[in-house]
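A.B. asks: Mind looking over this structure? Questions follow.
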Amino acid sequence: MMKTHTCGELREKDAGTSVQLAGWVNRRRDQGGLIFIDLRDRWGITQAVVDLEAAPEAHAIADSVRNEYVLRIHGTVRIRPEGTANPDLATGDIDIVADQIEILNRSHTPPFYINKDEGALDEALRMRHRYLDLRRETMQQNILLRHRVVKFIRDFLDAEDFIEIETPILFKTTPEGARDFLVPSRLQPGMFYALPQSPQQLKQLLMVGGFERYFQIARCFRDEDLRGDRQPEFTQLDLEMSFVQREDVMRLMEQLATEIVRQVTPQKRLIAQPFPRIRYRDALEQYGTDRPDIRFDLRAVDISEIAGRSAFPVFAANVQAGKKVKCMRVPGLAGTLSGTQLRKVARDLETMARRAGAKGLAYITIPTDPAGELKGPIGKFFSVELKLELLAAMGAQGGDLLLFMSDEAQIVYAVTDALRNHFKAELDLDDDLLAFCWIYDFPEFIWDAEHQRWDPSQHMFTMPLPEDLHLLDSDPGRARGSQYDLVCNGYEVGGGSIRIHDRAIQEKIFPLIGQSMQQAIAEFGHMLEAFEYGAPPHGGMAWGIDRLVMLLAGAPNIREVIAFPKTQGGTDIMAHAPSTAEPEQLRDLHIQLDMPAE
Ligand code: ASP
């Protein structure tokens, strides 16, 4: 080995030991006769001192090195002289008196600082030189954390008798609602493999194959427009179990989540245990989304009954027409603002609501003086009695701001979500708090008005709840699926369900989602057939590893926890992927390009 110790390892007790370290020059300080080199490796930083008189050759080399040169330094550990210890460094009580230095490689001046976090670095520059970016401490920590999380998952599941099994990357469509990436087959001209959007079918077939408990750290591929925090390829913890019910999977998965946090990131705090369980419908009604951040408690409350009796014509008419009136209480906001400030805030919130599709956003403020009048444009429409009912329903206190929404349900959800996100940003929530919750009782299908068909709300293999099975024939829109999603701080960390294992039930799904039986057999015939050979009842889940690690790392997006991510445009700007193919390659594949006009 080129090193006897790491750069994070030596302490006072090692004084007098002769050592050899190897790593990168983090920083070099020249004080004439003495040159100080902070040598960095994965484990830390150790300072070496080179004395012109004691080691003239080493000093001459030290004189020529620059940041990010790769060195091997030989020397003796000593306790640093009185007053020169560095309490910020784990090795700060000692340094190495160098007697030999060898330059193992040189480095250009890096395009950005590696030895200090300079605030916002240009991401394109970071991606272009990702190998340098990865040397930065934050990235090293993130990638290390990712390793620890995955290792913990493997050990946990191994102890629970799960087997890790690899499934093919070159396969056939495994739809999860995105486009497939296709790979042309050379040996079978005109044929294509599809990269799996998830190992969904394969893991179900492994259950038919009798393994009972499977998992995989699986790469998944989805050709989507890269909106927000997505990557064309990403990593799932994929898992499946036989002879289980929804409760069994949820319980084990909750235990796994809890243990990861406890053991791998003990500095994080879980807000609630057991994890709260929220029905899909309640999540939408209260939070406006099926992945609520429940670290803060702003919710929309249905006050249709009260508002319908107010003198405000819009509310009365909407309630008559069967629409709801919802109210969100923002504690104390009005009490801290002047009249002008309040009107400005209300205008901004209204703009936000309009952007989410609403026609407006009414508000009233609760006076700090209990005898005072409700203020705000619609305060006057509430009689004294109605006002008391409203305050009681909302638990409102003096100084609160009440916001009112009334529209089509989808618009009210969107406004609720937008308002919550706005106030969330203002609240400056603690990233060390992890608020996991389960969302369950999803509808089995969601109506797709554009294509006039039902879309699976999870995927086509989700078993409807047993008590709703009969609805597949009569009223599919009302059938609930066995799906459960694990949500944390507003992100969907994972989702799963109990699966259909019965051919007759599976066959009922296809026509509902707009697939002819012929099409279904061509694409999923192997599944239907497998169900006829003793498929056990089974269910499972998949977690987004990138998102989970992002949350545990407190990173702002998943690119910070992936070694070589793609940009928003789906490209790797370091290696230039995707790139054009050689004409010969295309010829071998019998592919002719038909490019759109510029
Ligand atoms: N295959 C599903 C997904 O990728 C997860 C599951 O149902 O296990 O979302």
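Identifiers for the structure tokens are assigned positionally: chains receive A, B, ... in sequence, residues are indexed from 1 per chain, and ligands are indexed from 1 in the order shown.
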Name all residues at most 10 Å from Met405 (chain A) (count only C-alpha atoms; drop same-chain ones fewer than 2 positions away) and give them as a PyMOL selection string.
C.D. replies: chain A and resi 300-303+315+324-328+353+358-363+403+407-409+411-413+415-416
A.B. asks: What do you get as a list in words if you pick all residues at most 8 Å from ligand 1, counting only C-alpha atoms and all ligand atoms?
C.D. replies: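 Those within range of ligand 1 are Glu176, Gln197, Ser198, Pro199, Gln200, Gln236, Asp238, Leu239, Glu240, Gln458, His459, Thr462, Gln483, Gly494, Gly495, Gly496, Ser497, Gly539, Gly540, Met541, Ala542 and Trp543 of chain A.
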A.B. asks: Rank A:Gln31, A:Thr4, A:Arg299, A:Ala124 by their smallest atom-to-atom distance to Met394 (chain A), using only C-alpha atoms, and report the top residue only.
C.D. replies: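 Residue with the minimum atom-to-atom distance to Met394 (chain A): A:Arg299.
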A.B. asks: For Gly288 (chain A), which residue among A:Ala85, A:Ile143, A:Ala418, A:Leu433 is the nearest when counting only C-alpha atoms?
C.D. replies: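 Answer, going by the shortest atom-to-atom distance: A:Ala418.
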A.B. asks: Tell me which protein, DNA and RNA residues are within 7 Å of region 65-78 of chain A, counting only C-alpha atoms, leaving out same-chain ones fewer than 3 positions away, and put them as an mmCIF file with C-alpha atoms, in the first residue's frame.
C.D. replies:
data_model
loop_
_atom_site.group_PDB
_atom_site.id
_atom_site.type_symbol
_atom_site.label_atom_id
_atom_site.label_comp_id
_atom_site.auth_asym_id
_atom_site.auth_seq_id
_atom_site.Cartn_x
_atom_site.Cartn_y
_atom_site.Cartn_z
ATOM 1 C CA ASP A 14 0.759 8.230 17.521
ATOM 2 C CA ALA A 15 3.469 10.796 18.250
ATOM 3 C CA GLY A 16 6.882 9.481 17.261
ATOM 4 C CA THR A 17 5.516 6.979 14.712
ATOM 5 C CA SER A 18 7.024 6.981 11.278
ATOM 6 C CA VAL A 19 4.183 7.140 8.723
ATOM 7 C CA GLN A 20 3.435 7.456 5.050
ATOM 8 C CA LEU A 21 0.324 9.281 3.865
ATOM 9 C CA ALA A 22 -1.032 9.733 0.369
ATOM 10 C CA GLY A 23 -3.711 12.054 -0.925
ATOM 11 C CA TRP A 24 -4.439 15.437 -2.478
ATOM 12 C CA VAL A 25 -3.072 18.839 -1.547
ATOM 13 C CA ASN A 26 -6.005 20.567 0.069
ATOM 14 C CA ARG A 27 -4.005 23.700 0.855
ATOM 15 C CA ILE A 61 9.302 19.565 -3.949
ATOM 16 C CA ALA A 62 6.825 21.066 -1.484
ATOM 17 C CA ILE A 94 -0.666 16.501 15.587
ATOM 18 C CA ASP A 95 1.213 17.090 12.377
ATOM 19 C CA ILE A 96 3.713 15.157 10.295
ATOM 20 C CA VAL A 97 7.283 16.331 10.078
ATOM 21 C CA ALA A 98 7.965 15.362 6.485
ATOM 22 C CA ASP A 99 11.270 13.926 5.365
ATOM 23 C CA GLN A 100 10.268 12.717 1.885
ATOM 24 C CA ILE A 101 7.673 13.896 -0.583
ATOM 25 C CA GLU A 102 6.852 12.316 -3.881
ATOM 26 C CA ILE A 103 4.577 13.892 -6.462
ATOM 27 C CA LEU A 104 2.352 11.082 -7.749
ATOM 28 C CA ASN A 105 0.497 13.361 -10.130
ATOM 29 C CA ARG A 106 0.024 17.012 -10.949
ATOM 30 C CA SER A 107 -3.204 18.946 -11.351
#
A.B. asks: Out of A:Asp468, A:Asp180, A:Glu259, A:Asp282, which residue has the shortest atom-to-atom distance to Cys220 (chain A) when counting only C-alpha atoms?
C.D. replies: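 Distance minimum relative to Cys220 (chain A) lands on A:Asp180.
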A.B. asks: Can you pull out the residues contacting Gln188 (chain A)? Cut-off 12 Å, using only C-alpha atoms, and skip same-chain residues under 6 positions away; I want them as a PDB file with N, CA and C atoms, in the first residue's frame.
C.D. replies:
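File written: selection12.pdb
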ATOM      1  N   ASP A 588     -26.111  -1.860 -38.820  1.00  0.00           N
ATOM      2  CA  ASP A 588     -26.215  -3.174 -38.152  1.00  0.00           C
ATOM      3  C   ASP A 588     -27.582  -3.380 -37.524  1.00  0.00           C
ATOM      4  N   LEU A 589     -28.166  -2.273 -37.088  1.00  0.00           N
ATOM      5  CA  LEU A 589     -29.448  -2.355 -36.385  1.00  0.00           C
ATOM      6  C   LEU A 589     -30.631  -2.138 -37.327  1.00  0.00           C
ATOM      7  N   HIS A 590     -30.314  -1.930 -38.592  1.00  0.00           N
ATOM      8  CA  HIS A 590     -31.348  -1.647 -39.603  1.00  0.00           C
ATOM      9  C   HIS A 590     -32.165  -0.422 -39.213  1.00  0.00           C
TER      10      HIS A 590
END
A.B. asks: List every residue of region 175-327 of chain A that DSSP, applied to the backbone of this structure, places in strand (DSSP E), and write the result as a PyMOL selection string.
C.D. replies: chain A and resi 182-184+192-194+213-221+233-242+269-270+277-279+300-302+326-327
A.B. asks: Would you mind exporting the chosen residues as a compact mmCIF listing (two decimals), in the first residue's frame, restricted to C-alpha atoms?
C.D. replies:
# COMPACT_ATOMS: atom_id res chain seq x y z
CA LEU A 182 -36.17 1.17 -26.20
CA VAL A 183 -33.04 -0.76 -27.15
CA PRO A 184 -32.89 -2.15 -30.69
CA PHE A 192 -36.71 -3.86 -29.44
CA TYR A 193 -36.12 -4.48 -25.79
CA ALA A 194 -37.64 -2.05 -23.32
CA ARG A 213 -39.25 -12.68 0.09
CA TYR A 214 -37.30 -10.84 -2.60
CA PHE A 215 -35.54 -7.51 -2.77
CA GLN A 216 -33.23 -5.70 -5.14
CA ILE A 217 -31.48 -2.38 -5.31
CA ALA A 218 -32.84 -1.90 -8.79
CA ARG A 219 -32.13 0.61 -11.49
CA CYS A 220 -35.31 1.81 -13.19
CA PHE A 221 -35.70 3.73 -16.43
CA GLU A 233 -32.66 6.42 -14.55
CA PHE A 234 -33.01 6.14 -10.83
CA THR A 235 -32.63 3.58 -8.09
CA GLN A 236 -35.33 1.75 -6.20
CA LEU A 237 -35.31 -0.53 -3.27
CA ASP A 238 -37.69 -3.00 -4.85
CA LEU A 239 -39.26 -5.64 -2.68
CA GLU A 240 -41.98 -8.26 -2.73
CA MET A 241 -43.43 -10.73 -0.23
CA SER A 242 -45.79 -13.69 -0.53
CA ARG A 269 -35.76 13.20 14.54
CA LEU A 270 -38.87 11.29 13.57
CA ARG A 277 -52.01 7.07 8.33
CA ILE A 278 -54.05 9.36 6.16
CA ARG A 279 -56.68 8.27 3.68
CA ALA A 300 -58.14 23.26 4.67
CA VAL A 301 -61.33 22.78 6.69
CA ASP A 302 -64.71 22.22 5.08
CA LYS A 326 -63.00 25.50 2.50
CA CYS A 327 -61.15 27.65 4.98
A.B. asks: With only C-alpha atoms as the counted atoms, please give the residues lying no more than 12 Å from Tyr440 (chain A), apart from itself and same-chain residues fewer than 3 positions off, as an NGL selection string.
C.D. replies: :A and (246-247 or 250 or 276-284 or 290-291 or 437 or 443-444 or 457-458 or 465 or 480-487 or 495-498)
A.B. asks: Under the rule that only C-alpha atoms are counted, which of A:Leu256, A:Val549, A:Met352, A:Met463 is the nearest residue to Asn421 (chain A)?
C.D. replies: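 Ranked by minimum distance to Asn421 (chain A), first place goes to A:Met352.
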A.B. asks: When you draw a straight line from CA of Leu401 (chain A) to CA of Leu349 (chain A), how long is it in Å?
C.D. replies: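 Computing it gives 11.7 Å between the two atoms.
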A.B. asks: Under the rule that only C-alpha atoms are counted, which of A:Ala392, A:Leu202, A:Ala178, A:Leu342 is the nearest residue to Asp225 (chain A)?
C.D. replies: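 Nearest to Asp225 (chain A): A:Ala178.
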